[in-house]
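Chemist: Below is the file target.cif, with mmCIF, C-alpha atoms and all ligand atoms.
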```cif
data_target
loop_
_atom_site.label_atom_id
_atom_site.label_comp_id
_atom_site.auth_asym_id
_atom_site.auth_seq_id
_atom_site.Cartn_x
_atom_site.Cartn_y
_atom_site.Cartn_z
CA MET A 1 -20.09 -27.75 -18.02
CA ALA A 2 -21.00 -24.91 -20.39
CA SER A 3 -22.83 -22.24 -18.42
CA SER A 4 -24.83 -21.12 -21.42
CA ASP A 5 -26.60 -24.50 -21.87
CA LEU A 6 -30.25 -23.81 -21.16
CA VAL A 7 -32.72 -26.52 -20.22
CA GLN A 8 -36.06 -25.22 -21.49
CA LEU A 9 -38.38 -27.33 -19.31
CA PRO A 10 -36.98 -27.67 -15.80
CA GLU A 11 -37.32 -31.12 -14.19
CA TRP A 12 -39.59 -29.87 -11.37
CA LYS A 13 -42.18 -28.88 -13.96
CA THR A 14 -42.38 -32.40 -15.37
CA GLU A 15 -42.65 -34.22 -12.03
CA PRO A 16 -46.02 -35.68 -10.96
CA LYS A 17 -48.14 -33.18 -9.02
CA ARG A 18 -48.24 -33.76 -5.25
CA VAL A 19 -50.24 -32.11 -2.50
CA PRO A 20 -47.90 -29.73 -0.65
CA ASN A 21 -48.03 -29.29 3.14
CA LYS A 22 -51.06 -27.13 4.06
CA LEU A 23 -48.87 -24.76 6.08
CA HIS A 24 -47.61 -23.23 2.82
CA SER A 25 -50.93 -21.38 2.69
CA LEU A 26 -50.46 -19.80 6.13
CA CYS A 27 -49.68 -16.37 4.66
CA SER A 28 -48.87 -15.08 1.23
CA TYR A 29 -45.49 -13.39 0.62
CA ILE A 30 -44.31 -11.34 -2.29
CA ALA A 31 -41.80 -13.11 -4.61
CA MET A 32 -42.31 -16.49 -2.94
CA PHE A 33 -41.32 -19.50 -5.01
CA PRO A 34 -43.56 -22.56 -5.47
CA PRO A 35 -42.85 -25.49 -3.08
CA SER A 36 -42.13 -27.76 -6.07
CA ILE A 37 -38.73 -26.09 -6.66
CA PRO A 38 -37.19 -26.65 -3.19
CA ASN A 39 -38.87 -30.07 -3.00
CA HIS A 40 -37.18 -31.16 -6.23
CA PHE A 41 -33.68 -30.23 -5.02
CA ILE A 42 -34.25 -31.54 -1.47
CA GLN A 43 -35.21 -34.98 -2.86
CA LYS A 44 -32.38 -34.93 -5.37
CA TYR A 45 -29.48 -33.78 -3.20
CA THR A 46 -30.25 -34.62 0.45
CA ASP A 47 -31.18 -37.54 2.74
CA GLU A 48 -33.37 -37.66 5.85
CA GLY A 49 -31.73 -35.86 8.77
CA ASP A 50 -29.60 -33.57 6.55
CA VAL A 51 -29.53 -29.81 7.11
CA VAL A 52 -31.20 -27.65 4.43
CA LEU A 53 -30.69 -23.87 4.69
CA ASP A 54 -32.40 -20.91 3.04
CA PRO A 55 -30.50 -17.69 3.94
CA PHE A 56 -33.32 -15.57 2.39
CA SER A 57 -36.23 -17.67 3.59
CA GLY A 58 -39.17 -15.27 3.01
CA ARG A 59 -42.35 -17.03 4.11
CA GLY A 60 -40.31 -20.20 4.81
CA THR A 61 -41.04 -22.30 1.72
CA THR A 62 -37.66 -24.10 1.72
CA PRO A 63 -37.45 -24.88 5.47
CA LEU A 64 -41.05 -26.14 5.44
CA GLU A 65 -40.39 -28.44 2.48
CA ALA A 66 -37.27 -29.69 4.31
CA CYS A 67 -39.11 -30.34 7.61
CA THR A 68 -41.98 -32.03 5.73
CA SER A 69 -39.40 -34.44 4.22
CA ASN A 70 -37.79 -35.16 7.61
CA ARG A 71 -34.74 -32.97 7.03
CA ILE A 72 -33.67 -30.15 9.38
CA GLY A 73 -35.00 -27.01 7.73
CA ILE A 74 -33.19 -23.80 8.64
CA GLY A 75 -34.47 -20.40 7.56
CA ASN A 76 -32.89 -16.97 7.85
CA ASP A 77 -34.27 -13.58 6.85
CA ARG A 78 -33.73 -10.02 8.06
CA ASN A 79 -37.36 -9.08 7.53
CA PRO A 80 -39.27 -9.66 10.83
CA LEU A 81 -42.34 -10.67 8.82
CA ALA A 82 -40.37 -13.42 7.08
CA TYR A 83 -38.90 -14.44 10.43
CA VAL A 84 -42.26 -15.01 12.13
CA LEU A 85 -43.77 -16.81 9.11
CA THR A 86 -40.77 -19.15 8.97
CA LEU A 87 -40.80 -19.69 12.74
CA ALA A 88 -44.43 -20.84 12.58
CA LYS A 89 -43.40 -23.49 10.03
CA VAL A 90 -40.24 -24.84 11.64
CA GLN A 91 -41.43 -24.83 15.29
CA THR A 92 -45.09 -25.67 14.69
CA PRO A 93 -46.98 -26.21 17.97
CA SER A 94 -49.74 -28.80 18.37
CA ILE A 95 -53.22 -27.81 17.18
CA GLY A 96 -54.46 -28.23 20.77
CA ARG A 97 -52.11 -25.53 22.07
CA ILE A 98 -53.08 -23.19 19.23
CA SER A 99 -56.82 -23.66 19.88
CA SER A 100 -56.35 -23.08 23.64
CA LYS A 101 -54.42 -19.88 22.93
CA ILE A 102 -57.22 -18.52 20.74
CA GLU A 103 -59.80 -19.38 23.45
CA GLN A 104 -57.67 -17.73 26.12
CA LEU A 105 -57.21 -14.56 24.05
CA GLU A 106 -60.94 -14.42 23.33
CA GLY A 107 -61.77 -14.71 27.05
CA ASP A 108 -59.21 -12.07 28.04
CA TYR A 109 -60.49 -9.76 25.32
CA ALA A 110 -64.04 -9.99 26.64
CA GLN A 111 -62.71 -8.79 30.03
CA GLY A 112 -60.52 -5.98 28.65
CA GLU A 113 -62.46 -4.74 25.61
CA ALA A 114 -63.81 -1.61 27.27
CA ASP A 115 -60.29 -0.30 27.93
CA ILE A 116 -59.13 -0.36 24.30
CA ASN A 117 -58.86 3.10 22.83
CA LEU A 118 -58.87 3.48 19.05
CA THR A 119 -58.39 7.23 18.87
CA GLN A 120 -54.57 7.02 18.97
CA GLU A 121 -54.52 4.77 15.90
CA ASP A 122 -53.36 6.27 12.61
CA TRP A 123 -55.82 6.94 9.73
CA LYS A 124 -53.76 4.56 7.58
CA ILE A 125 -54.87 1.65 9.75
CA ARG A 126 -58.35 2.94 10.65
CA MET A 127 -59.34 3.16 6.98
CA LEU A 128 -58.75 -0.61 6.57
CA PHE A 129 -60.63 -2.18 9.50
CA SER A 130 -63.97 -1.51 11.19
CA ASP A 131 -63.74 -0.30 14.82
CA TYR A 132 -65.16 -3.66 15.95
CA THR A 133 -62.37 -5.60 14.17
CA LEU A 134 -59.61 -3.10 14.96
CA LYS A 135 -60.25 -3.31 18.71
CA GLN A 136 -59.70 -7.07 18.57
CA LEU A 137 -56.60 -6.63 16.42
CA LEU A 138 -55.08 -4.09 18.81
CA PHE A 139 -55.69 -6.47 21.68
CA MET A 140 -53.96 -9.30 19.80
CA LYS A 141 -51.08 -7.00 18.82
CA GLU A 142 -50.48 -6.14 22.49
CA ASN A 143 -50.82 -9.68 23.80
CA LEU A 144 -49.00 -11.95 21.35
CA CYS A 145 -45.30 -12.42 22.16
CA TRP A 146 -44.30 -13.72 18.70
CA ASP A 147 -40.64 -13.06 19.42
CA THR A 148 -40.30 -15.49 22.32
CA ASN A 149 -43.12 -18.04 22.19
CA ASN A 150 -43.83 -20.46 19.33
CA VAL A 151 -47.59 -20.75 20.04
CA ASP A 152 -47.89 -16.95 19.96
CA ALA A 153 -45.75 -16.90 16.79
CA PHE A 154 -48.10 -19.36 15.10
CA VAL A 155 -51.23 -17.39 16.05
CA THR A 156 -49.48 -14.19 14.91
CA ALA A 157 -48.63 -15.80 11.55
CA MET A 158 -52.30 -16.76 11.13
CA VAL A 159 -53.41 -13.18 11.90
CA LEU A 160 -50.91 -11.93 9.30
CA GLY A 161 -52.35 -14.42 6.83
CA ILE A 162 -55.93 -13.12 7.22
CA LEU A 163 -55.09 -9.45 7.82
CA HIS A 164 -55.97 -8.19 4.35
CA GLY A 165 -57.47 -9.77 1.27
CA ASN A 166 -60.52 -9.76 -0.91
CA SER A 167 -62.97 -12.30 0.53
CA ASP A 168 -64.95 -12.69 3.76
CA GLY A 169 -62.11 -14.82 5.18
CA TYR A 170 -60.08 -11.59 5.63
CA LEU A 171 -60.31 -8.79 8.19
CA SER A 172 -59.87 -5.69 5.99
CA ILE A 173 -61.71 -3.81 3.28
CA LYS A 174 -61.45 -5.71 -0.03
CA MET A 175 -57.84 -5.41 -1.17
CA PRO A 176 -54.93 -7.54 -2.45
CA ASN A 177 -53.61 -10.25 -0.16
CA THR A 178 -50.04 -10.75 -1.34
CA PHE A 179 -48.83 -7.21 -0.78
CA SER A 180 -49.99 -3.76 0.36
CA MET A 181 -50.29 -0.72 -1.91
CA SER A 182 -49.19 2.66 -0.46
CA PRO A 183 -51.55 4.26 2.12
CA ASN A 184 -52.40 7.17 -0.20
CA TYR A 185 -53.21 4.84 -3.08
CA ILE A 186 -55.46 2.75 -0.83
CA ARG A 187 -57.23 5.89 0.47
CA GLY A 188 -57.97 7.03 -3.11
CA TYR A 189 -59.16 3.56 -4.09
CA ILE A 190 -61.48 3.30 -1.08
CA ALA A 191 -63.04 6.69 -1.92
CA GLY A 192 -63.33 5.91 -5.66
CA HIS A 193 -64.95 2.52 -5.10
CA GLU A 194 -66.94 3.38 -1.95
CA LEU A 195 -65.46 0.43 -0.06
CA GLU A 196 -67.01 -0.33 3.34
CA ARG A 197 -64.98 -1.63 6.30
CA PRO A 198 -66.52 -4.98 7.27
CA ASP A 199 -67.18 -6.08 10.88
CA ARG A 200 -65.18 -9.32 11.14
CA ASN A 201 -64.55 -11.36 14.28
CA VAL A 202 -60.81 -12.06 14.51
CA PHE A 203 -61.19 -15.08 16.82
CA ASN A 204 -63.76 -16.81 14.59
CA LEU A 205 -61.71 -16.21 11.44
CA LEU A 206 -58.60 -17.56 13.18
CA ARG A 207 -60.40 -20.80 14.01
CA ARG A 208 -61.47 -21.11 10.36
CA LYS A 209 -57.94 -20.35 9.20
CA ALA A 210 -56.46 -23.04 11.49
CA GLY A 211 -58.91 -25.57 10.03
CA ARG A 212 -57.68 -24.73 6.51
CA CYS A 213 -53.94 -24.45 6.95
CA TYR A 214 -52.78 -26.52 9.92
CA GLU A 215 -50.55 -29.52 9.23
CA GLN A 216 -47.67 -30.62 11.47
CA PRO A 217 -44.42 -31.17 9.48
CA ALA A 218 -42.46 -34.41 10.11
CA SER A 219 -39.50 -32.69 11.81
CA LYS A 220 -38.56 -29.38 13.38
CA GLY A 221 -36.03 -26.77 12.32
CA GLN A 222 -34.67 -23.33 13.16
CA VAL A 223 -34.89 -19.75 11.99
CA TYR A 224 -32.51 -16.79 12.37
CA ARG A 225 -32.62 -13.12 11.39
CA SER A 226 -29.02 -12.41 10.47
CA ASP A 227 -27.67 -10.71 7.39
CA ALA A 228 -27.24 -13.47 4.80
CA ARG A 229 -23.54 -12.51 4.54
CA LYS A 230 -22.92 -13.25 8.22
CA LEU A 231 -24.73 -16.35 9.40
CA THR A 232 -22.98 -16.47 12.76
CA LYS A 233 -25.31 -19.12 14.24
CA ILE A 234 -24.50 -21.65 11.51
CA ARG A 235 -21.41 -23.83 11.82
CA ASN A 236 -18.76 -24.37 9.12
CA ASP A 237 -19.32 -27.39 6.83
CA SER A 238 -22.71 -28.24 8.36
CA VAL A 239 -25.23 -27.72 5.54
CA SER A 240 -26.03 -30.29 2.83
CA LEU A 241 -28.19 -28.03 0.68
CA VAL A 242 -28.49 -24.25 0.42
CA MET A 243 -31.74 -23.63 -1.48
CA THR A 244 -32.63 -20.00 -1.94
CA SER A 245 -33.86 -17.08 -3.97
CA PRO A 246 -32.01 -13.85 -3.10
CA PRO A 247 -33.41 -10.36 -3.69
CA TYR A 248 -32.73 -9.06 -7.22
CA THR A 249 -31.54 -5.60 -8.15
CA ARG A 250 -34.13 -3.25 -6.66
CA VAL A 251 -37.24 -5.09 -7.73
CA ILE A 252 -39.12 -5.28 -4.47
CA ARG A 253 -39.17 -3.26 -1.24
CA TYR A 254 -40.13 -6.04 1.17
CA GLY A 255 -40.79 -3.53 3.98
CA ALA A 256 -42.92 -0.99 2.11
CA PHE A 257 -44.94 -3.67 0.30
CA ASN A 258 -45.74 -5.30 3.66
CA TRP A 259 -46.44 -2.16 5.74
CA ILE A 260 -49.79 -3.40 7.09
CA ARG A 261 -48.42 -6.74 8.28
CA LEU A 262 -45.36 -4.97 9.74
CA TRP A 263 -47.70 -2.58 11.64
CA PHE A 264 -49.23 -5.63 13.32
CA LEU A 265 -45.73 -6.76 14.33
CA GLY A 266 -44.99 -3.28 15.73
CA LYS A 267 -42.31 -2.63 13.09
CA ASP A 268 -41.69 0.34 10.84
CA ALA A 269 -41.60 -0.56 7.14
CA LYS A 270 -38.94 2.03 6.27
CA GLU A 271 -36.63 0.77 8.99
CA VAL A 272 -37.08 -2.79 7.76
CA ASP A 273 -36.19 -1.73 4.21
CA ARG A 274 -33.03 0.00 5.44
CA LYS A 275 -31.72 -3.38 6.65
CA LEU A 276 -32.51 -5.32 3.46
CA LEU A 277 -30.62 -5.34 0.20
CA CYS A 278 -32.19 -2.91 -2.25
CA THR A 279 -29.88 -1.52 -4.91
CA GLN A 280 -29.94 -0.77 -8.59
CA SER A 281 -26.17 -0.69 -8.79
CA LEU A 282 -24.78 -3.83 -10.40
CA PHE A 283 -21.49 -3.18 -8.67
CA LYS A 284 -23.13 -3.15 -5.22
CA TYR A 285 -25.17 -6.23 -6.14
CA GLN A 286 -22.02 -8.05 -7.18
CA GLU A 287 -20.38 -7.14 -3.87
CA PHE A 288 -23.46 -8.29 -1.93
CA MET A 289 -23.77 -11.62 -3.77
CA THR A 290 -20.04 -12.25 -3.41
CA GLY A 291 -20.53 -11.85 0.36
CA VAL A 292 -23.53 -14.20 0.32
CA LEU A 293 -21.69 -16.84 -1.73
CA THR A 294 -18.58 -16.59 0.48
CA GLU A 295 -20.79 -17.35 3.49
CA THR A 296 -22.49 -20.14 1.53
CA MET A 297 -19.06 -21.65 0.82
CA ARG A 298 -18.25 -21.54 4.57
CA VAL A 299 -21.41 -23.29 5.82
CA LEU A 300 -21.72 -25.82 2.98
CA LYS A 301 -20.37 -29.37 3.44
CA SER A 302 -17.62 -30.35 1.01
CA ASP A 303 -20.08 -32.54 -0.94
CA GLY A 304 -22.98 -30.09 -0.50
CA THR A 305 -25.08 -28.32 -3.14
CA ALA A 306 -26.18 -24.67 -3.37
CA VAL A 307 -29.17 -23.70 -5.53
CA PHE A 308 -29.79 -20.03 -6.31
CA VAL A 309 -32.96 -18.96 -8.14
CA ILE A 310 -32.41 -15.51 -9.66
CA GLY A 311 -34.86 -13.68 -11.93
CA ASP A 312 -33.93 -11.68 -15.02
CA VAL A 313 -34.42 -7.94 -14.48
CA LYS A 314 -35.58 -5.24 -16.85
CA ASP A 315 -33.73 -1.94 -17.09
CA ARG A 316 -36.22 0.84 -16.24
CA THR A 317 -35.01 3.26 -18.85
CA SER A 318 -34.00 1.09 -21.81
CA ASP A 319 -36.48 -1.79 -21.19
CA LYS A 320 -33.61 -4.21 -21.95
CA VAL A 321 -33.77 -7.54 -20.10
CA PHE A 322 -30.66 -8.51 -18.16
CA ASN A 323 -29.73 -12.08 -17.22
CA LEU A 324 -28.79 -11.47 -13.58
CA GLY A 325 -28.34 -15.19 -12.84
CA GLN A 326 -25.64 -15.51 -15.51
CA PHE A 327 -24.04 -12.34 -14.14
CA VAL A 328 -23.93 -13.81 -10.61
CA TRP A 329 -22.43 -17.03 -11.93
CA GLU A 330 -19.67 -15.30 -13.92
CA ASN A 331 -18.85 -12.47 -11.52
CA CYS A 332 -19.49 -13.92 -8.04
CA ALA A 333 -19.76 -17.73 -7.92
CA GLU A 334 -17.13 -18.85 -10.45
CA PRO A 335 -14.40 -16.47 -9.13
CA LEU A 336 -14.95 -17.96 -5.62
CA GLY A 337 -14.27 -21.48 -6.91
CA PHE A 338 -17.82 -22.82 -7.22
CA GLU A 339 -18.61 -25.20 -10.07
CA LEU A 340 -21.85 -25.63 -11.99
CA LYS A 341 -23.33 -29.01 -11.09
CA GLU A 342 -26.09 -28.75 -13.71
CA PRO A 343 -26.61 -26.49 -16.72
CA ILE A 344 -28.23 -23.17 -15.76
CA ALA A 345 -31.96 -23.78 -16.14
CA ALA A 346 -34.44 -21.16 -17.32
CA ASP A 347 -37.77 -21.30 -15.53
CA VAL A 348 -40.51 -19.34 -17.29
CA ILE A 349 -42.89 -17.95 -14.67
CA SER A 350 -46.58 -17.58 -15.56
CA ASP A 351 -47.95 -14.04 -15.40
CA ASP A 352 -49.87 -14.13 -12.13
CA THR A 353 -47.47 -16.06 -9.86
CA LYS A 354 -44.97 -13.25 -9.33
CA VAL A 355 -46.76 -10.00 -8.57
CA SER A 356 -50.52 -9.89 -8.13
CA LYS A 357 -52.39 -7.74 -10.60
CA ILE A 358 -55.42 -7.00 -8.43
CA TRP A 359 -56.01 -3.24 -8.28
CA GLY A 360 -54.03 -2.72 -11.47
CA ALA A 361 -50.64 -3.27 -9.82
CA ARG A 362 -47.77 -3.32 -12.27
CA ARG A 363 -44.92 -5.75 -12.27
CA GLY A 364 -41.84 -3.67 -11.11
CA ASN A 365 -38.74 -4.49 -13.12
CA ALA A 366 -38.85 -8.27 -12.61
CA THR A 367 -39.47 -10.30 -15.75
CA LYS A 368 -40.86 -13.73 -16.43
CA ILE A 369 -37.66 -15.78 -16.43
CA ASP A 370 -35.91 -17.18 -13.37
CA ARG A 371 -32.42 -18.69 -13.79
CA VAL A 372 -31.51 -21.60 -11.55
CA LEU A 373 -27.83 -21.98 -10.61
CA VAL A 374 -26.94 -25.36 -9.13
CA LEU A 375 -23.49 -25.05 -7.55
CA SER A 376 -21.01 -27.35 -5.85
CA LYS A 377 -17.82 -26.55 -3.96
CA SER A 378 -15.62 -28.65 -6.20
C1 LIG B 401 -37.05 -13.44 -3.11
S1 LIG B 401 -37.41 -13.28 -1.39
C2 LIG B 401 -37.37 -14.95 -0.83
C3 LIG B 401 -38.74 -15.60 -0.95
C4 LIG B 401 -38.76 -17.05 -0.50
N1 LIG B 401 -38.03 -17.90 -1.45
C5 LIG B 401 -40.21 -17.56 -0.38
O1 LIG B 401 -40.61 -18.54 -1.03
O2 LIG B 401 -40.98 -16.95 0.38
C6 LIG B 401 -35.91 -12.58 -0.79
C7 LIG B 401 -35.85 -12.37 0.73
O3 LIG B 401 -34.57 -11.82 1.07
C8 LIG B 401 -34.71 -11.08 2.28
N2 LIG B 401 -33.49 -10.24 2.42
C9 LIG B 401 -33.13 -9.13 1.71
N3 LIG B 401 -31.91 -8.71 2.08
C10 LIG B 401 -31.47 -9.57 3.05
C11 LIG B 401 -30.24 -9.69 3.77
N4 LIG B 401 -29.25 -8.81 3.60
N5 LIG B 401 -30.10 -10.71 4.65
C12 LIG B 401 -31.12 -11.61 4.84
N6 LIG B 401 -32.31 -11.54 4.18
C13 LIG B 401 -32.48 -10.54 3.28
C14 LIG B 401 -36.03 -10.34 2.08
O4 LIG B 401 -36.60 -9.96 3.31
C15 LIG B 401 -36.87 -11.39 1.35
O5 LIG B 401 -37.70 -12.10 2.23
#
```
Kindly return the structure encoded in the file as structure tokens.

Modeler:
Amino acid sequence: MASSDLVQLPEWKTEPKRVPNKLHSLCSYIAMFPPSIPNHFIQKYTDEGDVVLDPFSGRGTTPLEACTSNRIGIGNDRNPLAYVLTLAKVQTPSIGRISSKIEQLEGDYAQGEADINLTQEDWKIRMLFSDYTLKQLLFMKENLCWDTNNVDAFVTAMVLGILHGNSDGYLSIKMPNTFSMSPNYIRGYIAGHELERPDRNVFNLLRRKAGRCYEQPASKGQVYRSDARKLTKIRNDSVSLVMTSPPYTRVIRYGAFNWIRLWFLGKDAKEVDRKLLCTQSLFKYQEFMTGVLTETMRVLKSDGTAVFVIGDVKDRTSDKVFNLGQFVWENCAEPLGFELKEPIAADVISDDTKVSKIWGARRGNATKIDRVLVLSKS
């Protein structure tokens, strides 16, 4: 099949609109793709009970779509934020257990409130939340074991979802929800716009959040936090569909842009970024994607399908747009023996779905076109 054939209107854009699982709105995540894309390929290339894997799962869009359709959704991501958001979607506890946990935390907080000391907390965090709200947040931060317990992980994911945003459903000063600007930028903005830190009750907002976003998927799945080039927990020839969107060449620093949510998880944003792919070198990107596709080849069943959504990138100096998807096909996938199962589709992304423009944020070097590679082993 000629790789240069472009389908101008991808099939998932012409399908009848459906109501996606409410859990998709648990927490926003930068560079997330819409549920309609994984849903389209899950329906097209898998059956109930099949394994669907996203090695760069972000907020868990693919595994949630898989579990909602009674497949086994497996996520993987090296960012701890992505890990906990995906865990909440593939090991979703009952609403009763979530409500009891919130009640229990509220009761324990009432007993221990007097002992919480805010003075140790950094100015970067204190400028965002009132003392009333921050005390509750610090208590939650200390008492939620999101690493080991799925009820705690779900409550943590809800806190992350309401941590910052620009309505009274959020805990912070008015600010963007999808990502965090740098601390110095936020400080200047607060001063320039005389923003006040609101007193918000974390427990009450969590109950409201659960009412809006809770929906149990049909089946359960798994999540890992390995490097996408070494998925040691996943067996050879076990996956029917790999459905993913890898990082592009140095478009987004997933750690730095999530520093507030990572603070709540007790993680350092710079350390998180050191573990994730972030390079402007095409050579290094080619090496990385060759590693990812080699691992994809290993875990994929012989009749399986791998779908990679890769955005065009803009060169910072020349402003020239580069078709990174085509590059990955020609230099990484084809040399490994993959075949194109469908023509490479071009998905034109509307302006506000990729990077939020609240607070005058500019779009990095991502552009408006995503290329969709649909690959098979033979
Ligand atoms: C484009 S985002 C995926 C977004 C996802 N499709 C969604 O809807 O939320 C790419 C993800 O790759 C992760 N990532 C970057 N380098 C990685 C690596 N070496 N191994 C595993 N995950 C990595 C980032 O943390 C980020 O969540």

Chemist: Using Å and a single decimal, report how far CA of Ile260 (chain A) sits from atom C9 of ligand LIG 401 (chain B).

Modeler: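 Between these atoms lies a distance of 18.4 Å.
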
Chemist: Hey, could you make a per-residue contact list for chain A against ligand LIG 401 (chain B) with 9 Å as the cut-off, showing the nearest pair of atoms and its distance in Å to one decimal, counting only C-alpha atoms and all ligand atoms, sorted by chain and number, as JSON lines?

Modeler:
```
{"residue": "A:Ser28", "atom": "CA", "partner": "B:LIG401", "partner_atom": "O2", "distance": 8.2}
{"residue": "A:Tyr29", "atom": "CA", "partner": "B:LIG401", "partner_atom": "O2", "distance": 5.8}
{"residue": "A:Ile30", "atom": "CA", "partner": "B:LIG401", "partner_atom": "O2", "distance": 7.0}
{"residue": "A:Ala31", "atom": "CA", "partner": "B:LIG401", "partner_atom": "C1", "distance": 5.0}
{"residue": "A:Met32", "atom": "CA", "partner": "B:LIG401", "partner_atom": "O1", "distance": 3.3}
{"residue": "A:Phe33", "atom": "CA", "partner": "B:LIG401", "partner_atom": "O1", "distance": 4.2}
{"residue": "A:Pro34", "atom": "CA", "partner": "B:LIG401", "partner_atom": "O1", "distance": 6.7}
{"residue": "A:Pro35", "atom": "CA", "partner": "B:LIG401", "partner_atom": "O1", "distance": 7.6}
{"residue": "A:Pro38", "atom": "CA", "partner": "B:LIG401", "partner_atom": "N1", "distance": 9.0}
{"residue": "A:Asp54", "atom": "CA", "partner": "B:LIG401", "partner_atom": "N1", "distance": 7.8}
{"residue": "A:Pro55", "atom": "CA", "partner": "B:LIG401", "partner_atom": "C12", "distance": 6.2}
{"residue": "A:Phe56", "atom": "CA", "partner": "B:LIG401", "partner_atom": "O3", "distance": 4.2}
{"residue": "A:Ser57", "atom": "CA", "partner": "B:LIG401", "partner_atom": "C4", "distance": 4.8}
{"residue": "A:Gly58", "atom": "CA", "partner": "B:LIG401", "partner_atom": "O5", "distance": 3.6}
{"residue": "A:Arg59", "atom": "CA", "partner": "B:LIG401", "partner_atom": "O2", "distance": 4.0}
{"residue": "A:Gly60", "atom": "CA", "partner": "B:LIG401", "partner_atom": "O2", "distance": 5.5}
{"residue": "A:Thr61", "atom": "CA", "partner": "B:LIG401", "partner_atom": "O1", "distance": 4.7}
{"residue": "A:Thr62", "atom": "CA", "partner": "B:LIG401", "partner_atom": "O1", "distance": 6.9}
{"residue": "A:Asn76", "atom": "CA", "partner": "B:LIG401", "partner_atom": "C12", "distance": 6.4}
{"residue": "A:Asp77", "atom": "CA", "partner": "B:LIG401", "partner_atom": "N6", "distance": 3.9}
{"residue": "A:Arg78", "atom": "CA", "partner": "B:LIG401", "partner_atom": "N6", "distance": 4.4}
{"residue": "A:Asn79", "atom": "CA", "partner": "B:LIG401", "partner_atom": "O4", "distance": 4.4}
{"residue": "A:Pro80", "atom": "CA", "partner": "B:LIG401", "partner_atom": "O4", "distance": 8.0}
{"residue": "A:Leu81", "atom": "CA", "partner": "B:LIG401", "partner_atom": "O4", "distance": 8.0}
{"residue": "A:Ala82", "atom": "CA", "partner": "B:LIG401", "partner_atom": "O5", "distance": 5.7}
{"residue": "A:Tyr83", "atom": "CA", "partner": "B:LIG401", "partner_atom": "O5", "distance": 8.6}
{"residue": "A:Thr86", "atom": "CA", "partner": "B:LIG401", "partner_atom": "O2", "distance": 8.9}
{"residue": "A:Arg225", "atom": "CA", "partner": "B:LIG401", "partner_atom": "C12", "distance": 6.9}
{"residue": "A:Ser226", "atom": "CA", "partner": "B:LIG401", "partner_atom": "C12", "distance": 6.1}
{"residue": "A:Asp227", "atom": "CA", "partner": "B:LIG401", "partner_atom": "N5", "distance": 3.7}
{"residue": "A:Ala228", "atom": "CA", "partner": "B:LIG401", "partner_atom": "N5", "distance": 4.0}
{"residue": "A:Arg229", "atom": "CA", "partner": "B:LIG401", "partner_atom": "N5", "distance": 6.8}
{"residue": "A:Lys230", "atom": "CA", "partner": "B:LIG401", "partner_atom": "N5", "distance": 8.4}
{"residue": "A:Met243", "atom": "CA", "partner": "B:LIG401", "partner_atom": "N1", "distance": 8.5}
{"residue": "A:Thr244", "atom": "CA", "partner": "B:LIG401", "partner_atom": "N1", "distance": 5.8}
{"residue": "A:Ser245", "atom": "CA", "partner": "B:LIG401", "partner_atom": "C1", "distance": 4.9}
{"residue": "A:Pro246", "atom": "CA", "partner": "B:LIG401", "partner_atom": "C6", "distance": 4.7}
{"residue": "A:Pro247", "atom": "CA", "partner": "B:LIG401", "partner_atom": "C6", "distance": 4.4}
{"residue": "A:Tyr248", "atom": "CA", "partner": "B:LIG401", "partner_atom": "C1", "distance": 7.4}
{"residue": "A:Ile252", "atom": "CA", "partner": "B:LIG401", "partner_atom": "C1", "distance": 8.5}
{"residue": "A:Arg253", "atom": "CA", "partner": "B:LIG401", "partner_atom": "C14", "distance": 8.4}
{"residue": "A:Tyr254", "atom": "CA", "partner": "B:LIG401", "partner_atom": "O4", "distance": 5.7}
{"residue": "A:Gly255", "atom": "CA", "partner": "B:LIG401", "partner_atom": "O4", "distance": 7.7}
{"residue": "A:Val272", "atom": "CA", "partner": "B:LIG401", "partner_atom": "O4", "distance": 8.5}
{"residue": "A:Asp273", "atom": "CA", "partner": "B:LIG401", "partner_atom": "O4", "distance": 8.3}
{"residue": "A:Lys275", "atom": "CA", "partner": "B:LIG401", "partner_atom": "N4", "distance": 6.7}
{"residue": "A:Leu276", "atom": "CA", "partner": "B:LIG401", "partner_atom": "N3", "distance": 3.7}
{"residue": "A:Leu277", "atom": "CA", "partner": "B:LIG401", "partner_atom": "N3", "distance": 4.1}
{"residue": "A:Cys278", "atom": "CA", "partner": "B:LIG401", "partner_atom": "N3", "distance": 7.2}
{"residue": "A:Phe288", "atom": "CA", "partner": "B:LIG401", "partner_atom": "N4", "distance": 8.0}
{"residue": "A:Val292", "atom": "CA", "partner": "B:LIG401", "partner_atom": "N4", "distance": 8.5}
{"residue": "A:Val309", "atom": "CA", "partner": "B:LIG401", "partner_atom": "N1", "distance": 8.5}
{"residue": "A:Ile310", "atom": "CA", "partner": "B:LIG401", "partner_atom": "C1", "distance": 8.3}
```

Chemist: Out of A:Phe154, A:Trp12, A:Trp146, A:Trp123, which residue has the shortest atom-to-atom distance to Ala210 (chain A) when counting all atoms listed in the file?

Modeler: A:Phe154

Chemist: Do a neighbour search on Lys89 (chain A) at 10 Å with all atoms listed in the file, toss out local chain neighbours closer than 3 positions, and write the hits as a PyMOL selection string.

Modeler: chain A and resi 23-24+26+59-61+63-65+67-68+73+75+84-86+92-93+150+153-154+157+214-217+220-223

Chemist: Tell me, in Å to one decimal, how far CA of Leu160 (chain A) is from CA of Phe203 (chain A).

Modeler: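 Spanning CA of Leu160 (chain A) to CA of Phe203 (chain A) is a straight-line distance of 13.1 Å.
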
Chemist: Could you state the separation of CA of Phe327 (chain A) and CA of Ile349 (chain A) in Å, given to one decimal place?

Modeler: 19.7 Å
